[in-house]
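Colleague: If it helps, the file is called protein.tsv and holds TSV, C-alpha atoms (C1' of nucleotides):
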```
chain	number	residue	atom	x	y	z
B	234	MET	CA	30.08	0.08	12.09
B	235	THR	CA	26.37	-0.41	12.46
B	236	THR	CA	24.64	-3.50	11.21
B	237	LEU	CA	20.97	-4.00	10.85
B	238	LYS	CA	19.21	-7.27	10.30
B	239	LEU	CA	16.13	-6.54	8.24
B	240	ASP	CA	14.33	-9.47	9.84
B	241	GLU	CA	14.68	-7.89	13.24
B	242	PHE	CA	13.76	-4.42	12.15
B	243	LEU	CA	10.37	-3.75	13.65
B	244	PRO	CA	8.95	-1.36	11.09
B	245	TYR	CA	9.63	-4.05	8.53
B	246	ARG	CA	8.04	-6.80	10.61
B	247	LEU	CA	5.07	-4.61	11.26
B	248	SER	CA	4.65	-3.88	7.60
B	249	ILE	CA	4.85	-7.54	6.60
B	250	ALA	CA	2.35	-8.64	9.22
B	251	SER	CA	-0.03	-5.84	8.37
B	252	ASN	CA	0.18	-6.52	4.64
B	253	ARG	CA	-0.59	-10.17	5.13
B	254	VAL	CA	-3.59	-9.45	7.27
B	255	SER	CA	-4.79	-6.79	4.85
B	256	ALA	CA	-4.43	-9.19	1.96
B	257	ALA	CA	-6.46	-11.79	3.82
B	258	VAL	CA	-9.16	-9.30	4.64
B	259	ALA	CA	-9.20	-7.74	1.19
B	260	SER	CA	-9.49	-11.01	-0.67
B	261	THR	CA	-12.27	-12.19	1.63
B	262	TYR	CA	-14.35	-9.05	1.18
B	263	GLN	CA	-13.70	-9.03	-2.51
B	264	ALA	CA	-14.57	-12.67	-3.01
B	265	LEU	CA	-17.68	-12.74	-0.83
B	266	PHE	CA	-19.13	-9.29	-1.35
B	267	GLY	CA	-17.28	-7.56	-4.17
B	268	LEU	CA	-16.16	-4.89	-1.74
B	269	LYS	CA	-12.79	-3.18	-1.58
B	270	ILE	CA	-11.37	-2.22	1.78
B	271	PRO	CA	-12.16	1.50	1.48
B	272	GLU	CA	-15.74	0.65	0.56
B	273	TRP	CA	-16.08	-1.72	3.46
B	274	ARG	CA	-14.68	0.86	5.85
B	275	LEU	CA	-17.20	3.43	4.74
B	276	ILE	CA	-20.05	0.98	5.20
B	277	ALA	CA	-18.84	0.11	8.68
B	278	VAL	CA	-18.64	3.72	9.76
B	279	ILE	CA	-21.89	4.76	8.15
B	280	ALA	CA	-23.62	1.82	9.84
B	281	GLU	CA	-22.39	2.97	13.23
B	282	GLY	CA	-23.88	6.45	12.96
B	283	GLU	CA	-26.78	8.30	11.42
B	284	GLY	CA	-25.68	10.04	8.27
B	285	ALA	CA	-22.15	11.25	7.83
B	286	THR	CA	-20.51	13.63	5.37
B	287	GLN	CA	-17.58	12.43	3.34
B	288	GLN	CA	-15.32	14.72	5.26
B	289	ALA	CA	-16.41	13.05	8.52
B	290	LEU	CA	-15.93	9.65	6.95
B	291	GLY	CA	-12.43	10.60	5.95
B	292	VAL	CA	-11.57	11.49	9.50
B	293	ALA	CA	-13.17	8.36	10.91
B	294	THR	CA	-11.47	6.01	8.48
B	295	ARG	CA	-8.18	7.92	8.18
B	296	MET	CA	-8.56	7.77	4.46
B	297	ASP	CA	-7.80	10.44	1.93
B	298	LYS	CA	-10.77	12.46	0.71
B	299	VAL	CA	-10.10	11.23	-2.80
B	300	THR	CA	-10.31	7.62	-1.67
B	301	VAL	CA	-13.49	8.41	0.23
B	302	SER	CA	-14.98	10.17	-2.77
B	303	ARG	CA	-14.35	7.21	-5.05
B	304	ALA	CA	-15.52	4.60	-2.58
B	305	ALA	CA	-18.67	6.59	-1.89
B	306	ALA	CA	-19.40	6.93	-5.58
B	307	THR	CA	-19.08	3.19	-6.04
B	308	LEU	CA	-21.39	2.47	-3.12
B	309	VAL	CA	-24.01	4.89	-4.37
B	310	GLU	CA	-23.68	3.38	-7.82
B	311	ARG	CA	-24.30	-0.07	-6.36
B	312	GLY	CA	-27.29	1.17	-4.45
B	313	LEU	CA	-25.80	0.39	-1.06
B	314	VAL	CA	-25.60	3.99	0.06
B	315	GLU	CA	-27.80	6.99	-0.49
B	316	ARG	CA	-27.01	10.69	-0.42
B	317	ARG	CA	-29.36	12.89	1.55
B	318	PRO	CA	-29.14	16.64	1.24
B	319	ASN	CA	-27.28	18.19	4.10
B	320	LEU	CA	-29.47	21.02	5.32
B	321	GLY	CA	-27.22	23.82	6.34
B	322	ASP	CA	-24.35	23.04	4.01
B	323	GLN	CA	-25.12	22.39	0.41
B	324	ARG	CA	-21.58	21.51	-0.53
B	325	SER	CA	-21.87	18.16	1.17
B	326	HIS	CA	-24.39	15.38	1.58
B	327	LEU	CA	-25.20	12.98	4.35
B	328	LEU	CA	-24.50	9.39	3.44
B	329	ILE	CA	-26.73	6.69	4.82
B	330	LEU	CA	-27.14	2.99	4.12
B	331	THR	CA	-30.00	1.88	1.94
B	332	ALA	CA	-31.94	-1.21	3.00
B	333	THR	CA	-29.74	-3.23	0.69
B	334	GLY	CA	-26.65	-1.64	2.15
B	335	ARG	CA	-27.82	-2.38	5.64
B	336	ALA	CA	-28.48	-5.98	4.70
B	337	LEU	CA	-25.03	-6.32	3.20
B	338	TYR	CA	-23.51	-4.87	6.32
B	339	GLU	CA	-25.34	-7.47	8.38
B	340	ASP	CA	-23.70	-10.12	6.22
B	341	VAL	CA	-20.23	-8.66	6.18
B	342	ALA	CA	-19.83	-7.76	9.83
B	343	PRO	CA	-19.93	-11.34	11.18
B	344	LYS	CA	-17.51	-12.49	8.49
B	345	ALA	CA	-15.15	-9.72	9.41
B	346	LEU	CA	-15.23	-10.64	13.07
B	347	GLU	CA	-14.75	-14.27	12.19
B	348	LEU	CA	-11.70	-13.46	10.14
B	349	GLU	CA	-10.30	-11.33	12.92
B	350	ALA	CA	-10.84	-14.22	15.30
B	351	GLN	CA	-8.96	-16.54	12.98
B	352	VAL	CA	-5.99	-14.24	12.69
B	353	PHE	CA	-5.82	-13.77	16.44
B	354	ALA	CA	-6.79	-17.32	17.21
B	355	GLY	CA	-3.79	-18.02	19.42
B	356	PHE	CA	-4.26	-14.86	21.45
B	357	SER	CA	-5.85	-14.67	24.88
B	358	PRO	CA	-8.22	-11.77	25.54
B	359	GLN	CA	-5.49	-10.30	27.68
B	360	GLU	CA	-2.99	-10.53	24.86
B	361	ILE	CA	-5.39	-8.97	22.43
B	362	ALA	CA	-5.90	-6.05	24.74
B	363	THR	CA	-2.15	-5.66	25.15
B	364	PHE	CA	-1.63	-5.78	21.43
B	365	ALA	CA	-4.33	-3.20	20.75
B	366	ALA	CA	-2.85	-0.88	23.34
B	367	MET	CA	0.59	-1.24	21.81
B	368	LEU	CA	-0.74	-0.39	18.38
B	369	GLU	CA	-2.27	2.71	19.81
B	370	ARG	CA	1.00	3.81	21.33
B	371	ILE	CA	2.85	3.17	18.09
B	372	GLU	CA	0.25	5.05	16.13
B	373	ALA	CA	0.58	7.99	18.45
B	374	SER	CA	4.35	8.13	18.37
B	375	ALA	CA	4.46	7.79	14.59
B	376	ALA	CA	1.71	10.34	14.04
B	377	PRO	CA	3.92	13.44	14.10
B	378	PHE	CA	5.58	12.30	10.90
B	379	ASP	CA	2.25	12.32	9.16
B	380	SER	CA	1.99	16.07	9.31
B	381	GLU	CA	5.63	16.41	8.32
B	382	ARG	CA	4.78	15.00	4.96
B	383	GLY	CA	3.13	18.21	3.80
C	48	MET	CA	-27.76	-8.33	14.57
C	49	THR	CA	-24.01	-7.96	14.59
C	50	THR	CA	-22.36	-4.63	15.01
C	51	LEU	CA	-18.76	-3.84	14.43
C	52	LYS	CA	-16.93	-0.75	15.55
C	53	LEU	CA	-14.27	-0.03	12.98
C	54	ASP	CA	-12.10	1.57	15.63
C	55	GLU	CA	-11.97	-1.65	17.56
C	56	PHE	CA	-11.41	-3.87	14.58
C	57	LEU	CA	-7.85	-5.09	14.88
C	58	PRO	CA	-6.98	-5.56	11.22
C	59	TYR	CA	-7.95	-1.93	10.78
C	60	ARG	CA	-5.89	-0.75	13.73
C	61	LEU	CA	-2.96	-2.78	12.55
C	62	SER	CA	-3.18	-1.30	9.09
C	63	ILE	CA	-3.36	2.26	10.39
C	64	ALA	CA	-0.41	1.83	12.72
C	65	SER	CA	1.65	0.12	10.06
C	66	ASN	CA	0.87	2.76	7.46
C	67	ARG	CA	1.89	5.55	9.78
C	68	VAL	CA	5.16	3.89	10.62
C	69	SER	CA	5.83	3.12	6.97
C	70	ALA	CA	5.11	6.71	6.04
C	71	ALA	CA	7.55	7.90	8.67
C	72	VAL	CA	10.23	5.51	7.51
C	73	ALA	CA	9.64	6.17	3.83
C	74	SER	CA	9.78	9.92	4.11
C	75	THR	CA	12.95	9.75	6.18
C	76	TYR	CA	14.77	7.52	3.70
C	77	GLN	CA	13.54	9.55	0.82
C	78	ALA	CA	14.50	12.87	2.32
C	79	LEU	CA	17.91	11.86	3.61
C	80	PHE	CA	19.09	9.37	1.03
C	81	GLY	CA	16.74	9.44	-1.92
C	82	LEU	CA	15.87	5.80	-1.28
C	83	LYS	CA	12.50	4.16	-1.55
C	84	ILE	CA	11.58	1.39	0.84
C	85	PRO	CA	12.14	-1.48	-1.62
C	86	GLU	CA	15.57	-0.08	-2.45
C	87	TRP	CA	16.47	0.27	1.18
C	88	ARG	CA	15.36	-3.29	1.89
C	89	LEU	CA	17.55	-4.65	-0.85
C	90	ILE	CA	20.54	-2.75	0.44
C	91	ALA	CA	19.95	-4.03	3.95
C	92	VAL	CA	19.75	-7.65	2.85
C	93	ILE	CA	22.65	-7.43	0.43
C	94	ALA	CA	24.76	-5.87	3.17
C	95	GLU	CA	24.02	-8.77	5.49
C	96	GLY	CA	25.29	-11.45	3.10
C	97	GLU	CA	27.81	-11.95	0.37
C	98	GLY	CA	26.14	-11.69	-3.01
C	99	ALA	CA	22.52	-12.61	-3.48
C	100	THR	CA	20.42	-13.28	-6.55
C	101	GLN	CA	17.26	-11.28	-7.08
C	102	GLN	CA	15.23	-14.37	-6.44
C	103	ALA	CA	16.89	-14.77	-3.04
C	104	LEU	CA	16.34	-11.09	-2.33
C	105	GLY	CA	12.68	-11.49	-3.14
C	106	VAL	CA	12.36	-14.27	-0.60
C	107	ALA	CA	14.31	-12.38	2.04
C	108	THR	CA	12.36	-9.16	1.66
C	109	ARG	CA	8.97	-10.72	0.88
C	110	MET	CA	8.75	-8.52	-2.14
C	111	ASP	CA	7.48	-9.35	-5.57
C	112	LYS	CA	10.12	-10.19	-8.16
C	113	VAL	CA	9.00	-7.23	-10.24
C	114	THR	CA	9.52	-4.88	-7.33
C	115	VAL	CA	12.93	-6.43	-6.71
C	116	SER	CA	13.83	-6.11	-10.37
C	117	ARG	CA	12.97	-2.43	-10.46
C	118	ALA	CA	14.65	-1.59	-7.18
C	119	ALA	CA	17.78	-3.47	-8.23
C	120	ALA	CA	17.89	-1.66	-11.55
C	121	THR	CA	17.69	1.69	-9.76
C	122	LEU	CA	20.46	0.76	-7.36
C	123	VAL	CA	22.74	-0.42	-10.15
C	124	GLU	CA	21.93	2.75	-12.04
C	125	ARG	CA	22.95	4.82	-9.05
C	126	GLY	CA	26.15	2.87	-8.66
C	127	LEU	CA	25.25	1.55	-5.22
C	128	VAL	CA	25.05	-2.08	-6.28
C	129	GLU	CA	26.99	-4.14	-8.77
C	130	ARG	CA	26.03	-7.30	-10.66
C	131	ARG	CA	28.55	-10.10	-10.66
C	132	PRO	CA	28.13	-13.05	-12.97
C	133	ASN	CA	26.64	-16.02	-11.22
C	134	LEU	CA	28.83	-18.96	-12.14
C	135	GLY	CA	26.62	-21.96	-12.49
C	136	ASP	CA	23.49	-20.12	-13.54
C	137	GLN	CA	23.73	-17.54	-16.20
C	138	ARG	CA	20.14	-16.46	-15.94
C	139	SER	CA	20.85	-14.63	-12.72
C	140	HIS	CA	23.52	-12.41	-11.23
C	141	LEU	CA	24.89	-11.94	-7.76
C	142	LEU	CA	24.24	-8.50	-6.39
C	143	ILE	CA	26.79	-6.92	-4.10
C	144	LEU	CA	27.26	-3.45	-2.68
C	145	THR	CA	29.79	-1.16	-4.27
C	146	ALA	CA	32.03	0.88	-1.99
C	147	THR	CA	29.57	3.75	-2.40
C	148	GLY	CA	26.69	1.46	-1.61
C	149	ARG	CA	28.44	0.16	1.47
C	150	ALA	CA	29.12	3.72	2.60
C	151	LEU	CA	25.50	4.67	2.10
C	152	TYR	CA	24.41	1.64	4.07
C	153	GLU	CA	26.66	2.72	6.92
C	154	ASP	CA	24.86	6.04	6.89
C	155	VAL	CA	21.36	4.70	6.61
C	156	ALA	CA	21.48	1.88	9.14
C	157	PRO	CA	21.98	4.08	12.22
C	158	LYS	CA	19.24	6.41	11.07
C	159	ALA	CA	16.90	3.49	10.65
C	160	LEU	CA	17.62	2.21	14.12
C	161	GLU	CA	17.19	5.68	15.51
C	162	LEU	CA	13.82	5.99	13.89
C	163	GLU	CA	12.77	2.60	15.18
C	164	ALA	CA	13.85	3.68	18.65
C	165	GLN	CA	11.74	6.81	18.37
C	166	VAL	CA	8.65	4.93	17.32
C	167	PHE	CA	9.05	2.43	20.14
C	168	ALA	CA	10.31	4.98	22.61
C	169	GLY	CA	7.77	4.15	25.28
C	170	PHE	CA	8.41	0.42	25.09
C	171	SER	CA	10.52	-1.59	27.49
C	172	PRO	CA	12.82	-4.23	26.00
C	173	GLN	CA	10.39	-6.77	27.35
C	174	GLU	CA	7.48	-5.13	25.60
C	175	ILE	CA	9.37	-4.93	22.36
C	176	ALA	CA	10.11	-8.64	22.52
C	177	THR	CA	6.46	-9.37	23.23
C	178	PHE	CA	5.35	-7.19	20.37
C	179	ALA	CA	7.76	-8.82	17.92
C	180	ALA	CA	6.62	-12.26	18.96
C	181	MET	CA	3.00	-11.27	18.49
C	182	LEU	CA	3.70	-9.97	15.01
C	183	GLU	CA	5.29	-13.27	14.17
C	184	ARG	CA	2.26	-15.18	15.33
C	185	ILE	CA	-0.04	-12.94	13.36
C	186	GLU	CA	2.08	-13.25	10.28
C	187	ALA	CA	1.99	-16.99	10.56
C	188	SER	CA	-1.75	-17.27	11.04
C	189	ALA	CA	-2.46	-14.86	8.18
C	190	ALA	CA	0.03	-16.52	5.84
C	191	PRO	CA	-2.30	-19.23	4.53
C	192	PHE	CA	-4.40	-16.56	2.86
C	193	ASP	CA	-1.42	-15.41	0.88
C	194	SER	CA	-1.34	-18.57	-1.16
C	195	GLU	CA	-5.11	-18.47	-1.54
C	196	ARG	CA	-4.77	-15.40	-3.63
C	197	GLY	CA	-3.49	-17.34	-6.66
J	20	DG	C1'	21.79	-34.81	-27.82
J	21	DC	C1'	17.04	-32.79	-28.28
J	22	DT	C1'	12.92	-31.30	-27.11
J	23	DA	C1'	9.42	-30.04	-23.26
J	24	DT	C1'	9.05	-27.88	-19.20
J	25	DA	C1'	10.60	-24.99	-15.44
J	26	DT	C1'	12.91	-20.96	-13.54
J	27	DG	C1'	15.32	-16.08	-13.16
J	28	DG	C1'	14.46	-11.83	-14.73
J	29	DT	C1'	12.37	-7.91	-17.61
J	30	DT	C1'	8.72	-5.57	-20.02
J	31	DA	C1'	3.87	-4.23	-20.83
J	32	DC	C1'	-0.27	-3.35	-19.01
J	33	DA	C1'	-3.98	-2.38	-15.48
J	34	DG	C1'	-5.68	-1.05	-10.85
J	35	DA	C1'	-4.98	1.52	-6.64
J	36	DT	C1'	-3.47	5.67	-4.36
J	37	DG	C1'	-2.42	10.43	-3.32
J	38	DA	C1'	-1.01	15.36	-4.52
J	39	DA	C1'	-2.47	19.24	-6.92
J	40	DA	C1'	-5.72	21.72	-9.65
J	41	DC	C1'	-10.27	22.68	-9.88
J	42	DC	C1'	-15.45	23.79	-9.02
J	43	DA	C1'	-19.27	24.94	-6.00
J	44	DG	C1'	-20.93	26.71	-2.07
J	45	DT	C1'	-19.84	29.18	2.57
J	46	DT	C1'	-18.12	32.55	5.77
J	47	DG	C1'	-15.98	36.66	7.59
J	48	DG	C1'	-14.66	41.31	7.06
J	49	DA	C1'	-14.67	45.87	4.81
T	73	DT	C1'	-23.65	43.61	0.31
T	74	DC	C1'	-19.84	42.37	-1.83
T	75	DC	C1'	-15.41	40.29	-2.24
T	76	DA	C1'	-11.57	37.35	-0.40
T	77	DA	C1'	-10.32	33.45	1.78
T	78	DC	C1'	-11.89	28.87	3.00
T	79	DT	C1'	-13.94	24.24	2.86
T	80	DG	C1'	-16.38	19.88	0.82
T	81	DG	C1'	-15.95	17.25	-2.99
T	82	DT	C1'	-14.51	15.76	-7.79
T	83	DT	C1'	-11.30	15.36	-11.54
T	84	DT	C1'	-6.66	15.07	-13.44
T	85	DC	C1'	-2.26	13.48	-13.35
T	86	DA	C1'	1.84	11.07	-11.74
T	87	DT	C1'	3.49	7.22	-9.13
T	88	DC	C1'	3.49	2.62	-7.09
T	89	DT	C1'	2.43	-2.13	-7.19
T	90	DG	C1'	1.25	-6.48	-8.99
T	91	DT	C1'	-0.43	-9.84	-12.78
T	92	DA	C1'	0.42	-11.60	-17.12
T	93	DA	C1'	3.13	-12.13	-21.12
T	94	DC	C1'	7.59	-12.60	-22.53
T	95	DC	C1'	12.76	-13.83	-23.26
T	96	DA	C1'	16.86	-16.35	-22.00
T	97	DT	C1'	18.94	-20.01	-19.74
T	98	DA	C1'	18.57	-24.66	-17.26
T	99	DT	C1'	17.09	-29.14	-16.49
T	100	DA	C1'	14.64	-33.62	-17.09
T	101	DG	C1'	12.92	-37.26	-19.89
T	102	DC	C1'	13.29	-39.61	-23.92
```
Could you render the structure from this file as structure tokens?

Modeller:
Amino acid sequence: MTTLKLDEFLPYRLSIASNRVSAAVASTYQALFGLKIPEWRLIAVIAEGEGATQQALGVATRMDKVTVSRAAATLVERGLVERRPNLGDQRSHLLILTATGRALYEDVAPKALELEAQVFAGFSPQEIATFAAMLERIEASAAPFDSERG
Amino acid sequence: MTTLKLDEFLPYRLSIASNRVSAAVASTYQALFGLKIPEWRLIAVIAEGEGATQQALGVATRMDKVTVSRAAATLVERGLVERRPNLGDQRSHLLILTATGRALYEDVAPKALELEAQVFAGFSPQEIATFAAMLERIEASAAPFDSERG
DNA sequence: GCTATATGGTTACAGATGAAACCAGTTGGA
DNA sequence: TCCAACTGGTTTCATCTGTAACCATATAGC
């Protein structure tokens, strides 16, 4: 007879920890900037590069194209992001930050890093690196299931 | 000017890893046993003890009382769980596994452990312990935000 | 004892999310 | 060059999840 203590079941622990952190992050962004997580992720990725299509953003943020579509629409609506025609493929556009969007990003980014620092306050740089590497391994070994879902 | 690479932002990495693992777990439970994650969690906790109220289950599984209520209703409906009167407080019941529920649990538990083993295949026991401890620390330092949400 | 407040649980409602259907534009092959 | 299959993106629909309102029972203060 097998027994399983939920408290010691790692997928459960992982989920709880992740949900707490996500809740912390989400409520901070929401309260300070009126941004949802998908919107914030788009801004972060757009800020890194020079004009991305929604399809590219989906890949970069691992979000569904529907989620990307909605978040992008909201950002355009708010005047934080602008659509430029994508020469060479008229089905898509290139999304770039407006001046306002860029300014917001400059406000959000430090807050995000601050929050991250708070959550990992007790961690040494070495531990953080270890943790990040472990996440990557987990992600990789759980990835196959993702495709199975179809 | 602050820049932030989303890929290196730990709350993001954590969320991605957790979502992948959850997706793997969820689709396995669903496919093999027709169970959703909240239902499975209830079964696991009920199996550990001897009759729990929904309120206790909510605490043990960190799930909302609404989620617990719905999952419990489904399990009772399916004949996996039974409600016993709670002497001393008639507002609540004690939930216990039926024979069928117990049998299902005996089937699910090994599969769950197997899946966990697959996801953490590359990890040494030492690494697993380290990882679990880190999750606990993260959970603790992100917890304060939970109450902030109200 | 009786009323006010608190607590366990359910129901109703609203927001978030993803799968599937859909539309527009693109590409490869007859 | 024309049509079939494909791809980027949006819309529709079903599902999940949580907040708020609610009902029933319990408990504390008078």

Colleague: Atom CA of C:Val106 to atom CA of B:Phe364: how many Å, to one decimal?

Modeller: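 About the pair atom CA of C:Val106 and atom CA of B:Phe364: they are 27.4 Å apart.
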
Colleague: Need the shell around B:Phe353: protein/DNA/RNA residues with any atom at most 10 Å away, counting all atoms listed in the file. Skip same-chain ones fewer than 5 positions apart. Format as a list in words?

Modeller: Glu347, Leu348, Pro358, Glu360 and Ile361 of chain B; Leu57, Pro58, Met181, Arg184, Ile185, Ser188 and Ala189 of chain C

Colleague: Rounded to one decimal place, report the atom CA of C:Ala120-atom C1' of J:DT24 distance in Å.

Modeller: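 Interatomic distance here is 28.7 Å.
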
Colleague: Please return the superposed copy of chain B as a compact mmCIF listing (two decimals) with C-alpha atoms, in the frame of the given file; the fit should be least squares onto chain C across all sequentially paired Cα atoms.

Modeller:
```txt
# COMPACT_ATOMS: atom_id res chain seq x y z
CA MET B 234 -27.73 -8.35 14.59
CA THR B 235 -23.99 -7.97 14.57
CA THR B 236 -22.33 -4.63 15.01
CA LEU B 237 -18.74 -3.83 14.41
CA LYS B 238 -16.93 -0.73 15.52
CA LEU B 239 -14.26 -0.03 12.94
CA ASP B 240 -12.08 1.58 15.60
CA GLU B 241 -11.96 -1.65 17.53
CA PHE B 242 -11.40 -3.86 14.55
CA LEU B 243 -7.85 -5.09 14.85
CA PRO B 244 -6.98 -5.55 11.20
CA TYR B 245 -7.93 -1.93 10.74
CA ARG B 246 -5.89 -0.74 13.72
CA LEU B 247 -2.97 -2.77 12.54
CA SER B 248 -3.18 -1.30 9.09
CA ILE B 249 -3.35 2.27 10.36
CA ALA B 250 -0.41 1.84 12.71
CA SER B 251 1.66 0.12 10.06
CA ASN B 252 0.89 2.76 7.45
CA ARG B 253 1.90 5.54 9.77
CA VAL B 254 5.17 3.89 10.62
CA SER B 255 5.83 3.11 6.97
CA ALA B 256 5.13 6.70 6.03
CA ALA B 257 7.56 7.90 8.67
CA VAL B 258 10.23 5.52 7.51
CA ALA B 259 9.64 6.17 3.83
CA SER B 260 9.79 9.93 4.10
CA THR B 261 12.96 9.75 6.19
CA TYR B 262 14.78 7.51 3.73
CA GLN B 263 13.55 9.53 0.82
CA ALA B 264 14.51 12.86 2.32
CA LEU B 265 17.93 11.85 3.63
CA PHE B 266 19.10 9.36 1.04
CA GLY B 267 16.74 9.42 -1.92
CA LEU B 268 15.89 5.80 -1.27
CA LYS B 269 12.51 4.13 -1.56
CA ILE B 270 11.60 1.38 0.86
CA PRO B 271 12.14 -1.48 -1.59
CA GLU B 272 15.57 -0.09 -2.44
CA TRP B 273 16.49 0.26 1.19
CA ARG B 274 15.36 -3.28 1.91
CA LEU B 275 17.54 -4.66 -0.84
CA ILE B 276 20.54 -2.75 0.45
CA ALA B 277 19.95 -4.04 3.96
CA VAL B 278 19.75 -7.64 2.85
CA ILE B 279 22.64 -7.44 0.43
CA ALA B 280 24.77 -5.87 3.18
CA GLU B 281 24.04 -8.79 5.48
CA GLY B 282 25.29 -11.44 3.07
CA GLU B 283 27.81 -11.96 0.32
CA GLY B 284 26.13 -11.68 -3.04
CA ALA B 285 22.52 -12.61 -3.51
CA THR B 286 20.39 -13.28 -6.58
CA GLN B 287 17.24 -11.29 -7.08
CA GLN B 288 15.21 -14.37 -6.45
CA ALA B 289 16.89 -14.77 -3.04
CA LEU B 290 16.33 -11.10 -2.33
CA GLY B 291 12.67 -11.50 -3.11
CA VAL B 292 12.35 -14.27 -0.59
CA ALA B 293 14.31 -12.39 2.06
CA THR B 294 12.36 -9.17 1.67
CA ARG B 295 8.97 -10.75 0.88
CA MET B 296 8.76 -8.52 -2.11
CA ASP B 297 7.47 -9.34 -5.54
CA LYS B 298 10.10 -10.18 -8.14
CA VAL B 299 8.94 -7.23 -10.20
CA THR B 300 9.51 -4.87 -7.29
CA VAL B 301 12.91 -6.43 -6.70
CA SER B 302 13.81 -6.13 -10.36
CA ARG B 303 12.97 -2.43 -10.45
CA ALA B 304 14.65 -1.60 -7.17
CA ALA B 305 17.77 -3.48 -8.23
CA ALA B 306 17.88 -1.65 -11.54
CA THR B 307 17.68 1.68 -9.76
CA LEU B 308 20.46 0.75 -7.35
CA VAL B 309 22.72 -0.42 -10.15
CA GLU B 310 21.92 2.75 -12.05
CA ARG B 311 22.93 4.81 -9.03
CA GLY B 312 26.13 2.86 -8.65
CA LEU B 313 25.24 1.53 -5.22
CA VAL B 314 25.04 -2.08 -6.30
CA GLU B 315 26.97 -4.14 -8.78
CA ARG B 316 26.02 -7.28 -10.67
CA ARG B 317 28.54 -10.09 -10.68
CA PRO B 318 28.09 -13.02 -13.00
CA ASN B 319 26.64 -16.00 -11.25
CA LEU B 320 28.85 -18.92 -12.20
CA GLY B 321 26.66 -21.91 -12.58
CA ASP B 322 23.49 -20.10 -13.58
CA GLN B 323 23.71 -17.51 -16.26
CA ARG B 324 20.11 -16.43 -15.96
CA SER B 325 20.84 -14.60 -12.75
CA HIS B 326 23.52 -12.41 -11.26
CA LEU B 327 24.89 -11.94 -7.79
CA LEU B 328 24.23 -8.50 -6.41
CA ILE B 329 26.78 -6.93 -4.13
CA LEU B 330 27.26 -3.46 -2.69
CA THR B 331 29.79 -1.18 -4.29
CA ALA B 332 32.02 0.88 -2.01
CA THR B 333 29.58 3.74 -2.40
CA GLY B 334 26.69 1.45 -1.61
CA ARG B 335 28.44 0.16 1.45
CA ALA B 336 29.12 3.70 2.60
CA LEU B 337 25.50 4.65 2.12
CA TYR B 338 24.43 1.62 4.09
CA GLU B 339 26.69 2.71 6.93
CA ASP B 340 24.86 6.03 6.92
CA VAL B 341 21.36 4.67 6.63
CA ALA B 342 21.50 1.86 9.15
CA PRO B 343 22.00 4.07 12.24
CA LYS B 344 19.24 6.41 11.09
CA ALA B 345 16.92 3.49 10.66
CA LEU B 346 17.63 2.20 14.14
CA GLU B 347 17.20 5.67 15.53
CA LEU B 348 13.82 6.00 13.90
CA GLU B 349 12.78 2.61 15.19
CA ALA B 350 13.84 3.69 18.66
CA GLN B 351 11.73 6.81 18.38
CA VAL B 352 8.64 4.93 17.33
CA PHE B 353 9.05 2.43 20.14
CA ALA B 354 10.31 4.98 22.60
CA GLY B 355 7.74 4.17 25.27
CA PHE B 356 8.37 0.44 25.07
CA SER B 357 10.48 -1.56 27.49
CA PRO B 358 12.78 -4.21 26.02
CA GLN B 359 10.35 -6.76 27.37
CA GLU B 360 7.45 -5.11 25.61
CA ILE B 361 9.35 -4.92 22.38
CA ALA B 362 10.08 -8.60 22.54
CA THR B 363 6.43 -9.34 23.25
CA PHE B 364 5.32 -7.18 20.38
CA ALA B 365 7.75 -8.80 17.95
CA ALA B 366 6.59 -12.24 18.99
CA MET B 367 2.97 -11.25 18.50
CA LEU B 368 3.69 -9.97 15.02
CA GLU B 369 5.27 -13.25 14.20
CA ARG B 370 2.24 -15.18 15.34
CA ILE B 371 -0.07 -12.92 13.37
CA GLU B 372 2.08 -13.25 10.30
CA ALA B 373 1.98 -17.00 10.59
CA SER B 374 -1.76 -17.25 11.05
CA ALA B 375 -2.45 -14.86 8.19
CA ALA B 376 0.04 -16.52 5.87
CA PRO B 377 -2.28 -19.23 4.54
CA PHE B 378 -4.37 -16.57 2.84
CA ASP B 379 -1.37 -15.45 0.89
CA SER B 380 -1.28 -18.62 -1.14
CA GLU B 381 -5.04 -18.52 -1.55
CA ARG B 382 -4.67 -15.43 -3.62
CA GLY B 383 -3.39 -17.35 -6.63
```

Colleague: Wanna dump the chain T-chain C contacts at 8 Å for me, each residue with its shortest atom pair and the distance in Å to one decimal, counting all atoms listed in the file, ordered by chain and number, as a tab-separated table?

Modeller:
```
residue	atom	partner	partner_atom	distance
T:DT89	C1'	C:Thr114	CA	7.6
T:DG90	C1'	C:Asp111	CA	7.7
T:DA96	C1'	C:Arg138	CA	6.9
T:DT97	C1'	C:Arg138	CA	5.3
T:DA98	C1'	C:Asp136	CA	7.7
```

Colleague: Compute the chain J side of the contact with chain B at 10 Å, counting all atoms listed in the file, and hand it back as a list in words.

Modeller: DA35, DT36, DG37, DA38, DA43, DG44 and DT45 of chain J

Colleague: Give me, as number ranges by chain, the residues of chain B touching chain C, with the criterion being at most 8 Å (counting only C-alpha atoms).

Modeller: B: 234-239, 242-244, 246-258, 260, 274, 277-278, 281, 295, 339, 342-343, 346, 349, 351-355, 364-365, 367-372, 374-376, 378-379, 382

Colleague: Which residues are near B:Arg311? Cut-off 12 Å, all atoms listed in the file, ignore same chain within fewer than 2 positions. Put them as number ranges by chain.

Modeller: B: 266-268, 272, 304-309, 313-315, 330-331, 333-334, 337

Colleague: Distance atom C1' of T:DC102-atom C1' of J:DG28, one decimal place?

Modeller: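 Separation of atom C1' of T:DC102 and atom C1' of J:DG28: 29.3 Å.
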